[in-house]
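> Next up, query.txt (compact mmCIF, N, CA and C atoms).
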```
# COMPACT_ATOMS: atom_id res chain seq x y z
N MET A 1 19.36 9.00 -27.64
CA MET A 1 19.24 8.65 -26.24
C MET A 1 20.11 7.43 -25.94
N PRO A 2 20.94 7.50 -24.93
CA PRO A 2 21.70 6.31 -24.54
C PRO A 2 20.75 5.24 -23.99
N ARG A 3 21.03 4.00 -24.32
CA ARG A 3 20.19 2.89 -23.85
C ARG A 3 21.02 2.03 -22.90
N ILE A 4 20.54 1.92 -21.66
CA ILE A 4 21.24 1.15 -20.64
C ILE A 4 20.25 0.17 -20.02
N SER A 5 20.60 -1.10 -20.03
CA SER A 5 19.76 -2.19 -19.48
C SER A 5 18.35 -2.18 -20.06
N GLY A 6 18.25 -1.91 -21.34
CA GLY A 6 16.95 -1.94 -22.00
C GLY A 6 16.09 -0.73 -21.75
N THR A 7 16.64 0.32 -21.16
CA THR A 7 15.89 1.53 -20.87
C THR A 7 16.56 2.72 -21.53
N ASP A 8 15.77 3.51 -22.23
CA ASP A 8 16.30 4.76 -22.79
C ASP A 8 16.38 5.78 -21.67
N ILE A 9 17.56 6.31 -21.43
CA ILE A 9 17.69 7.33 -20.39
C ILE A 9 17.66 8.70 -21.04
N PRO A 10 17.07 9.69 -20.38
CA PRO A 10 16.92 11.01 -20.99
C PRO A 10 18.27 11.69 -21.22
N GLU A 11 18.42 12.31 -22.37
CA GLU A 11 19.70 12.92 -22.75
C GLU A 11 19.97 14.21 -22.00
N ALA A 12 18.94 15.00 -21.73
CA ALA A 12 19.14 16.33 -21.18
C ALA A 12 19.51 16.32 -19.70
N LYS A 13 19.25 15.24 -19.02
CA LYS A 13 19.50 15.20 -17.57
C LYS A 13 20.93 14.80 -17.27
N ARG A 14 21.35 15.15 -16.05
CA ARG A 14 22.67 14.72 -15.58
C ARG A 14 22.66 13.20 -15.46
N ILE A 15 23.81 12.60 -15.64
CA ILE A 15 23.88 11.14 -15.66
C ILE A 15 23.52 10.53 -14.30
N ASP A 16 23.80 11.24 -13.19
CA ASP A 16 23.44 10.69 -11.88
C ASP A 16 21.93 10.66 -11.67
N ILE A 17 21.20 11.53 -12.35
CA ILE A 17 19.73 11.50 -12.28
C ILE A 17 19.17 10.58 -13.35
N ALA A 18 19.75 10.62 -14.53
CA ALA A 18 19.23 9.84 -15.66
C ALA A 18 19.30 8.33 -15.40
N LEU A 19 20.31 7.88 -14.68
CA LEU A 19 20.42 6.44 -14.42
C LEU A 19 19.32 5.92 -13.50
N THR A 20 18.69 6.79 -12.74
CA THR A 20 17.61 6.34 -11.86
C THR A 20 16.36 5.96 -12.65
N TYR A 21 16.32 6.23 -13.96
CA TYR A 21 15.21 5.81 -14.80
C TYR A 21 15.23 4.30 -15.03
N VAL A 22 16.35 3.66 -14.75
CA VAL A 22 16.44 2.20 -14.86
C VAL A 22 15.84 1.61 -13.59
N PHE A 23 14.88 0.69 -13.74
CA PHE A 23 14.22 0.09 -12.59
C PHE A 23 15.23 -0.71 -11.78
N GLY A 24 15.37 -0.39 -10.51
CA GLY A 24 16.30 -1.09 -9.64
C GLY A 24 17.57 -0.30 -9.36
N VAL A 25 17.73 0.85 -10.00
CA VAL A 25 18.89 1.70 -9.76
C VAL A 25 18.39 2.98 -9.10
N GLY A 26 18.83 3.20 -7.86
CA GLY A 26 18.43 4.39 -7.13
C GLY A 26 19.60 5.35 -6.99
N ARG A 27 19.38 6.41 -6.23
CA ARG A 27 20.41 7.44 -6.08
C ARG A 27 21.67 6.88 -5.41
N LYS A 28 21.49 5.99 -4.44
CA LYS A 28 22.65 5.43 -3.76
C LYS A 28 23.47 4.55 -4.71
N ASN A 29 22.78 3.69 -5.47
CA ASN A 29 23.46 2.81 -6.42
C ASN A 29 24.16 3.61 -7.52
N VAL A 30 23.56 4.72 -7.92
CA VAL A 30 24.15 5.54 -8.99
C VAL A 30 25.53 6.03 -8.58
N GLY A 31 25.67 6.48 -7.35
CA GLY A 31 26.97 6.95 -6.87
C GLY A 31 28.02 5.87 -6.94
N LEU A 32 27.65 4.65 -6.54
CA LEU A 32 28.59 3.53 -6.58
C LEU A 32 28.95 3.17 -8.03
N ILE A 33 27.94 3.14 -8.89
CA ILE A 33 28.18 2.78 -10.29
C ILE A 33 29.10 3.79 -10.96
N LEU A 34 28.81 5.08 -10.77
CA LEU A 34 29.61 6.11 -11.43
C LEU A 34 31.04 6.15 -10.88
N SER A 35 31.20 5.89 -9.58
CA SER A 35 32.57 5.89 -9.04
C SER A 35 33.38 4.71 -9.59
N GLN A 36 32.73 3.56 -9.76
CA GLN A 36 33.42 2.41 -10.35
C GLN A 36 33.75 2.65 -11.82
N ALA A 37 32.84 3.34 -12.52
CA ALA A 37 33.06 3.60 -13.95
C ALA A 37 33.97 4.81 -14.17
N GLN A 38 34.30 5.53 -13.10
CA GLN A 38 35.15 6.72 -13.15
C GLN A 38 34.55 7.78 -14.07
N ILE A 39 33.25 8.07 -13.82
CA ILE A 39 32.53 9.10 -14.58
C ILE A 39 31.96 10.07 -13.57
N LYS A 40 32.06 11.37 -13.86
CA LYS A 40 31.52 12.39 -12.97
C LYS A 40 30.00 12.46 -13.13
N GLY A 41 29.32 12.63 -12.01
CA GLY A 41 27.86 12.68 -12.03
C GLY A 41 27.29 13.92 -12.67
N GLU A 42 28.10 14.98 -12.77
CA GLU A 42 27.61 16.24 -13.35
C GLU A 42 27.48 16.16 -14.87
N LYS A 43 28.08 15.18 -15.47
CA LYS A 43 28.09 15.06 -16.92
C LYS A 43 26.67 14.75 -17.42
N ARG A 44 26.29 15.34 -18.53
CA ARG A 44 24.97 15.08 -19.12
C ARG A 44 24.99 13.76 -19.87
N ALA A 45 23.84 13.12 -19.95
CA ALA A 45 23.75 11.82 -20.62
C ALA A 45 24.10 11.93 -22.10
N LYS A 46 23.77 13.06 -22.71
CA LYS A 46 24.06 13.22 -24.15
C LYS A 46 25.55 13.36 -24.42
N ASP A 47 26.33 13.74 -23.38
CA ASP A 47 27.77 13.93 -23.53
C ASP A 47 28.57 12.65 -23.33
N LEU A 48 27.90 11.56 -22.97
CA LEU A 48 28.61 10.29 -22.78
C LEU A 48 29.00 9.69 -24.13
N ASN A 49 30.21 9.16 -24.20
CA ASN A 49 30.60 8.46 -25.43
C ASN A 49 30.28 6.97 -25.28
N GLU A 50 30.43 6.23 -26.35
CA GLU A 50 30.08 4.80 -26.36
C GLU A 50 30.87 4.01 -25.33
N GLU A 51 32.12 4.36 -25.14
CA GLU A 51 32.97 3.63 -24.20
C GLU A 51 32.47 3.82 -22.76
N GLU A 52 32.05 5.03 -22.41
CA GLU A 52 31.53 5.29 -21.06
C GLU A 52 30.20 4.57 -20.84
N VAL A 53 29.35 4.58 -21.85
CA VAL A 53 28.07 3.88 -21.74
C VAL A 53 28.31 2.38 -21.55
N SER A 54 29.27 1.83 -22.27
CA SER A 54 29.55 0.39 -22.13
C SER A 54 30.13 0.07 -20.76
N ARG A 55 30.95 0.98 -20.19
CA ARG A 55 31.47 0.77 -18.83
C ARG A 55 30.33 0.74 -17.82
N ILE A 56 29.41 1.69 -17.94
CA ILE A 56 28.25 1.74 -17.03
C ILE A 56 27.43 0.46 -17.18
N GLN A 57 27.21 0.04 -18.43
CA GLN A 57 26.41 -1.17 -18.68
C GLN A 57 27.06 -2.41 -18.07
N LYS A 58 28.37 -2.55 -18.20
CA LYS A 58 29.08 -3.70 -17.63
C LYS A 58 28.94 -3.74 -16.12
N ILE A 59 29.08 -2.57 -15.47
CA ILE A 59 28.99 -2.51 -14.01
C ILE A 59 27.60 -2.87 -13.54
N ILE A 60 26.59 -2.35 -14.23
CA ILE A 60 25.20 -2.66 -13.85
C ILE A 60 24.92 -4.14 -14.06
N ASP A 61 25.36 -4.70 -15.17
CA ASP A 61 25.12 -6.12 -15.45
C ASP A 61 25.82 -7.03 -14.46
N SER A 62 27.01 -6.64 -14.02
CA SER A 62 27.78 -7.52 -13.15
C SER A 62 27.30 -7.50 -11.70
N GLY A 63 26.81 -6.36 -11.22
CA GLY A 63 26.57 -6.30 -9.79
C GLY A 63 25.14 -6.05 -9.33
N THR A 64 24.23 -5.69 -10.22
CA THR A 64 22.91 -5.26 -9.78
C THR A 64 21.82 -5.97 -10.56
N LYS A 65 20.77 -6.40 -9.88
CA LYS A 65 19.60 -6.92 -10.57
C LYS A 65 18.74 -5.72 -10.96
N VAL A 66 18.43 -5.63 -12.24
CA VAL A 66 17.63 -4.51 -12.73
C VAL A 66 16.57 -5.00 -13.69
N GLU A 67 15.60 -4.13 -13.94
CA GLU A 67 14.53 -4.32 -14.91
C GLU A 67 13.84 -5.68 -14.78
N GLY A 68 13.82 -6.49 -15.82
CA GLY A 68 13.03 -7.72 -15.85
C GLY A 68 13.40 -8.72 -14.78
N ASP A 69 14.71 -8.89 -14.52
CA ASP A 69 15.14 -9.85 -13.50
C ASP A 69 14.64 -9.45 -12.12
N LEU A 70 14.72 -8.16 -11.82
CA LEU A 70 14.28 -7.67 -10.51
C LEU A 70 12.76 -7.77 -10.38
N ARG A 71 12.04 -7.39 -11.43
CA ARG A 71 10.58 -7.49 -11.39
C ARG A 71 10.15 -8.95 -11.21
N LYS A 72 10.83 -9.87 -11.89
CA LYS A 72 10.51 -11.29 -11.78
C LYS A 72 10.76 -11.80 -10.37
N GLU A 73 11.88 -11.38 -9.77
CA GLU A 73 12.20 -11.81 -8.41
C GLU A 73 11.15 -11.30 -7.41
N ILE A 74 10.72 -10.05 -7.58
CA ILE A 74 9.71 -9.48 -6.69
C ILE A 74 8.40 -10.25 -6.81
N GLN A 75 7.97 -10.55 -8.05
CA GLN A 75 6.75 -11.31 -8.25
C GLN A 75 6.84 -12.71 -7.66
N GLU A 76 8.00 -13.35 -7.79
CA GLU A 76 8.19 -14.69 -7.21
C GLU A 76 8.12 -14.64 -5.69
N ASN A 77 8.68 -13.59 -5.09
CA ASN A 77 8.62 -13.45 -3.64
C ASN A 77 7.18 -13.30 -3.17
N ILE A 78 6.40 -12.49 -3.88
CA ILE A 78 5.00 -12.29 -3.51
C ILE A 78 4.23 -13.60 -3.69
N LYS A 79 4.49 -14.30 -4.77
CA LYS A 79 3.82 -15.59 -5.03
C LYS A 79 4.14 -16.59 -3.92
N ARG A 80 5.41 -16.62 -3.47
CA ARG A 80 5.81 -17.53 -2.40
C ARG A 80 5.08 -17.19 -1.10
N LEU A 81 4.97 -15.88 -0.78
CA LEU A 81 4.27 -15.48 0.43
C LEU A 81 2.80 -15.91 0.39
N LYS A 82 2.18 -15.79 -0.78
CA LYS A 82 0.79 -16.21 -0.93
C LYS A 82 0.67 -17.72 -0.76
N GLN A 83 1.61 -18.44 -1.34
CA GLN A 83 1.54 -19.90 -1.34
C GLN A 83 1.70 -20.48 0.07
N ILE A 84 2.60 -19.92 0.87
CA ILE A 84 2.81 -20.47 2.21
C ILE A 84 1.76 -19.98 3.20
N GLY A 85 0.94 -19.01 2.77
CA GLY A 85 -0.16 -18.55 3.62
C GLY A 85 0.27 -17.63 4.74
N SER A 86 1.34 -16.90 4.54
CA SER A 86 1.78 -15.98 5.58
C SER A 86 0.83 -14.79 5.68
N TYR A 87 0.95 -14.02 6.74
CA TYR A 87 0.11 -12.84 6.93
C TYR A 87 0.27 -11.87 5.76
N ARG A 88 1.52 -11.62 5.36
CA ARG A 88 1.78 -10.72 4.24
C ARG A 88 1.18 -11.25 2.94
N GLY A 89 1.26 -12.56 2.76
CA GLY A 89 0.67 -13.17 1.56
C GLY A 89 -0.84 -13.01 1.53
N LYS A 90 -1.47 -13.18 2.66
CA LYS A 90 -2.93 -13.01 2.73
C LYS A 90 -3.33 -11.58 2.45
N ARG A 91 -2.53 -10.62 2.94
CA ARG A 91 -2.82 -9.21 2.67
C ARG A 91 -2.68 -8.91 1.18
N HIS A 92 -1.69 -9.54 0.52
CA HIS A 92 -1.55 -9.37 -0.93
C HIS A 92 -2.77 -9.92 -1.65
N ILE A 93 -3.24 -11.09 -1.22
CA ILE A 93 -4.39 -11.71 -1.86
C ILE A 93 -5.62 -10.82 -1.73
N LEU A 94 -5.82 -10.25 -0.54
CA LEU A 94 -6.99 -9.41 -0.29
C LEU A 94 -6.86 -8.01 -0.87
N GLY A 95 -5.67 -7.66 -1.32
CA GLY A 95 -5.47 -6.33 -1.88
C GLY A 95 -5.45 -5.24 -0.83
N LEU A 96 -4.96 -5.56 0.34
CA LEU A 96 -4.88 -4.60 1.44
C LEU A 96 -3.42 -4.23 1.70
N PRO A 97 -3.17 -3.14 2.44
CA PRO A 97 -1.78 -2.78 2.74
C PRO A 97 -1.07 -3.90 3.49
N VAL A 98 0.20 -4.11 3.15
CA VAL A 98 0.95 -5.25 3.66
C VAL A 98 1.82 -4.87 4.84
N ARG A 99 2.26 -3.64 4.91
CA ARG A 99 3.30 -3.26 5.86
C ARG A 99 2.78 -2.57 7.11
N GLY A 100 1.58 -2.90 7.55
CA GLY A 100 1.11 -2.44 8.84
C GLY A 100 0.41 -1.10 8.83
N GLN A 101 0.10 -0.54 7.67
CA GLN A 101 -0.59 0.74 7.65
C GLN A 101 -2.03 0.57 8.13
N ARG A 102 -2.59 1.63 8.65
CA ARG A 102 -3.97 1.54 9.13
C ARG A 102 -4.94 1.52 7.96
N THR A 103 -6.05 0.84 8.11
CA THR A 103 -7.02 0.75 7.03
C THR A 103 -8.38 1.31 7.43
N ARG A 104 -8.53 1.71 8.68
CA ARG A 104 -9.84 2.20 9.10
C ARG A 104 -10.19 3.50 8.41
N SER A 105 -9.22 4.41 8.32
CA SER A 105 -9.55 5.71 7.75
C SER A 105 -8.82 6.00 6.45
N ASN A 106 -7.76 5.30 6.15
CA ASN A 106 -7.01 5.57 4.93
C ASN A 106 -6.97 4.33 4.03
N ALA A 107 -5.92 4.15 3.27
CA ALA A 107 -5.72 3.01 2.36
C ALA A 107 -6.67 3.06 1.18
N ARG A 108 -7.01 4.25 0.71
CA ARG A 108 -7.92 4.38 -0.42
C ARG A 108 -7.32 3.81 -1.70
N THR A 109 -6.01 3.90 -1.85
CA THR A 109 -5.39 3.39 -3.06
C THR A 109 -5.61 1.89 -3.18
N LYS A 110 -5.46 1.16 -2.11
CA LYS A 110 -5.62 -0.28 -2.13
C LYS A 110 -7.09 -0.71 -2.09
N ARG A 111 -7.91 0.01 -1.32
CA ARG A 111 -9.28 -0.43 -1.11
C ARG A 111 -10.24 0.07 -2.18
N GLY A 112 -9.85 1.07 -2.93
CA GLY A 112 -10.72 1.56 -4.00
C GLY A 112 -11.63 2.68 -3.55
N LYS A 113 -12.60 3.00 -4.40
CA LYS A 113 -13.50 4.12 -4.14
C LYS A 113 -14.36 3.85 -2.91
N ARG A 114 -14.66 4.92 -2.18
CA ARG A 114 -15.48 4.82 -0.97
C ARG A 114 -16.88 4.32 -1.29
N VAL A 115 -17.39 3.40 -0.46
CA VAL A 115 -18.76 2.92 -0.58
C VAL A 115 -19.45 3.25 0.73
N THR A 116 -20.47 4.09 0.64
CA THR A 116 -21.17 4.51 1.85
C THR A 116 -22.11 3.41 2.29
N ILE A 117 -21.96 3.03 3.55
CA ILE A 117 -22.85 2.04 4.14
C ILE A 117 -23.56 2.75 5.28
N GLY A 118 -24.79 3.14 5.03
CA GLY A 118 -25.50 3.91 6.03
C GLY A 118 -26.89 3.36 6.25
N ALA A 119 -27.67 4.08 7.04
CA ALA A 119 -29.03 3.67 7.35
C ALA A 119 -29.92 3.97 6.15
N LEU A 120 -30.84 3.06 5.87
CA LEU A 120 -31.81 3.26 4.80
C LEU A 120 -33.07 3.90 5.37
N LYS A 121 -33.77 4.65 4.54
CA LYS A 121 -35.06 5.20 4.98
C LYS A 121 -36.04 4.05 5.12
N LYS A 122 -37.09 4.26 5.91
CA LYS A 122 -38.04 3.19 6.20
C LYS A 122 -38.68 2.64 4.94
N ASP A 123 -39.10 3.52 4.03
CA ASP A 123 -39.77 3.02 2.82
C ASP A 123 -38.79 2.30 1.89
N ASP A 124 -37.53 2.76 1.84
CA ASP A 124 -36.53 2.07 1.03
C ASP A 124 -36.22 0.69 1.61
N LEU A 125 -36.15 0.60 2.93
CA LEU A 125 -35.90 -0.66 3.59
C LEU A 125 -37.06 -1.64 3.34
N ALA A 126 -38.28 -1.13 3.39
CA ALA A 126 -39.43 -1.99 3.16
C ALA A 126 -39.44 -2.53 1.73
N LYS A 127 -39.08 -1.67 0.75
CA LYS A 127 -39.03 -2.11 -0.65
C LYS A 127 -37.96 -3.19 -0.83
N LYS A 128 -36.83 -3.01 -0.19
CA LYS A 128 -35.75 -3.97 -0.32
C LYS A 128 -36.14 -5.32 0.27
N GLN A 129 -36.77 -5.29 1.45
CA GLN A 129 -37.19 -6.53 2.09
C GLN A 129 -38.26 -7.23 1.26
N GLN A 130 -39.18 -6.45 0.68
CA GLN A 130 -40.23 -7.03 -0.15
C GLN A 130 -39.63 -7.69 -1.39
N ALA A 131 -38.64 -7.04 -2.00
CA ALA A 131 -37.99 -7.61 -3.18
C ALA A 131 -37.25 -8.89 -2.81
N ASP A 132 -36.59 -8.90 -1.66
CA ASP A 132 -35.86 -10.09 -1.22
C ASP A 132 -36.81 -11.27 -0.97
N THR A 133 -37.95 -11.01 -0.33
CA THR A 133 -38.89 -12.09 -0.04
C THR A 133 -39.54 -12.61 -1.31
N SER A 134 -39.79 -11.73 -2.29
CA SER A 134 -40.40 -12.19 -3.54
C SER A 134 -39.41 -13.03 -4.36
N LYS A 135 -38.13 -12.69 -4.30
CA LYS A 135 -37.11 -13.48 -4.99
C LYS A 135 -37.00 -14.87 -4.35
N ALA A 136 -37.09 -14.92 -3.03
CA ALA A 136 -36.97 -16.20 -2.33
C ALA A 136 -38.19 -17.06 -2.56
N ALA A 137 -39.38 -16.44 -2.68
CA ALA A 137 -40.61 -17.19 -2.87
C ALA A 137 -40.76 -17.72 -4.28
N ALA A 138 -40.21 -17.01 -5.27
CA ALA A 138 -40.37 -17.43 -6.67
C ALA A 138 -39.72 -18.80 -6.95
N PRO A 139 -38.49 -19.08 -6.50
CA PRO A 139 -37.95 -20.42 -6.76
C PRO A 139 -38.71 -21.53 -6.03
N ALA A 140 -39.24 -21.23 -4.86
CA ALA A 140 -39.99 -22.23 -4.10
C ALA A 140 -41.28 -22.58 -4.84
N ALA A 141 -41.94 -21.58 -5.44
CA ALA A 141 -43.17 -21.83 -6.18
C ALA A 141 -42.89 -22.60 -7.46
N ALA A 142 -41.74 -22.36 -8.06
CA ALA A 142 -41.39 -23.05 -9.31
C ALA A 142 -41.12 -24.54 -9.07
N LYS A 143 -40.68 -24.90 -7.89
CA LYS A 143 -40.38 -26.31 -7.58
C LYS A 143 -41.65 -27.13 -7.41
N LYS A 144 -42.75 -26.50 -7.01
CA LYS A 144 -43.99 -27.24 -6.72
C LYS A 144 -44.69 -27.69 -7.96
```
Would you mind writing the file out in structure tokens?


Amino acid sequence: MPRISGTDIPEAKRIDIALTYVFGVGRKNVGLILSQAQIKGEKRAKDLNEEEVSRIQKIIDSGTKVEGDLRKEIQENIKRLKQIGSYRGKRHILGLPVRGQRTRSNARTKRGKRVTIGALKKDDLAKKQQADTSKAAAPAAAKK
């Protein structure tokens, strides 16, 4: 498997698809990288020789933030938003969608499993209230 920017890219795939396995390299960037390296996108990753792999690596290193550097920059940006107390930072802190999506009916990925908040039956409500009052009375009796 050819290794580019610390990522093993799949051998069986075309090079224009295989390069997208590197974090920070998308389909648009792949076209630019391959045109600069003068490599056809139809070529399979296993058919690349060492010289072509090194050309791709040089181009990626010189012009694009990828993998660890990009992840670090993203984390620093989120940390900065939290620190200055912006709206987006507060949404990150609360674990809610940041980009304006609705949360009333969706956002299950961010909010987690559904918790039903409904009416209790009369006897269940009475038991709960009795338990709450007994918990509150016990510390008061212990103080006396």

> So, counting all atoms listed in the file, which residue among A:Val66, A:Leu125, A:Ile15, A:Val98 is closest to Lys40 of chain A?

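That would be A:Ile15, the residue with the smallest distance to Lys40 of chain A.
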
> May I have the residues within 8 Å of His92 of chain A as a PyMOL selection string, using all atoms listed in the file and disregarding those fewer than 5 positions away in the same chain?

chain A and resi 78+81-82+86-87+97-98

> Name the residues in contact with Lys58 of chain A at a cut-off of 12 Å, using only C-alpha atoms, excluding same-chain residues fewer than 4 positions from it; report them as a ChimeraX atom specification.

/A:4-5,33-34,36-37,51-54,62-64

> List the residues sitting within 7 Å of (19.0, -2.3, -11.7) in the file's frame, using only N, CA and C atoms, as a count of residues only.

10

> Quick one: distance from atom CA of Arg14 of chain A to atom N of Gly41 of chain A in Å, one decimal?

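Between atom CA of Arg14 of chain A and atom N of Gly41 of chain A the gap works out to 7.8 Å.
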
> Can you measure atom CA of Gly85 of chain A to atom N of Leu70 of chain A for me? One decimal in Å is fine.

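Pair atom CA of Gly85 of chain A / atom N of Leu70 of chain A returns 23.8 Å.
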
> Mind checking DSSP for chain A and telling me the strand (DSSP E) residues as a PyMOL selection string?

chain A and resi 3-4+7-8

> Go through chain A and collect every residue that DSSP, computed from the backbone, puts in helix (DSSP H, G or I); the answer should be as an NGL selection string.

:A and (15-21 or 27-37 or 45-47 or 50-63 or 67-84 or 87-94 or 108-111 or 122-143)

> Nearest residue to Asp61 of chain A out of A:Arg88, A:Lys46, A:Ser35, A:Gly6, using only C-alpha atoms?

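Checking each of A:Arg88, A:Lys46, A:Ser35, A:Gly6 against Asp61 of chain A, counting only C-alpha atoms, the winner is A:Gly6.
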
> Write out as a short mmCIF file (atom, residue, chain, number, x, y, z; two decimals) with N, CA and C atoms, keeping the file's coordinate frame which residues come within 8 Å of Leu94 of chain A when counting all atoms listed in the file, dropping same-chain ones fewer than 4 positions away.


```
data_model
loop_
_atom_site.label_atom_id
_atom_site.label_comp_id
_atom_site.auth_asym_id
_atom_site.auth_seq_id
_atom_site.Cartn_x
_atom_site.Cartn_y
_atom_site.Cartn_z
N ARG A 88 1.52 -11.62 5.36
CA ARG A 88 1.78 -10.72 4.24
C ARG A 88 1.18 -11.25 2.94
N GLY A 89 1.26 -12.56 2.76
CA GLY A 89 0.67 -13.17 1.56
C GLY A 89 -0.84 -13.01 1.53
N LYS A 90 -1.47 -13.18 2.66
CA LYS A 90 -2.93 -13.01 2.73
C LYS A 90 -3.33 -11.58 2.45
N LYS A 110 -5.46 1.16 -2.11
CA LYS A 110 -5.62 -0.28 -2.13
C LYS A 110 -7.09 -0.71 -2.09
N ARG A 111 -7.91 0.01 -1.32
CA ARG A 111 -9.28 -0.43 -1.11
C ARG A 111 -10.24 0.07 -2.18
#
```

> Between atom C of Leu96 of chain A and atom CA of Gly112 of chain A, what is the distance in Å, rounded to a tenth?

10.9 Å
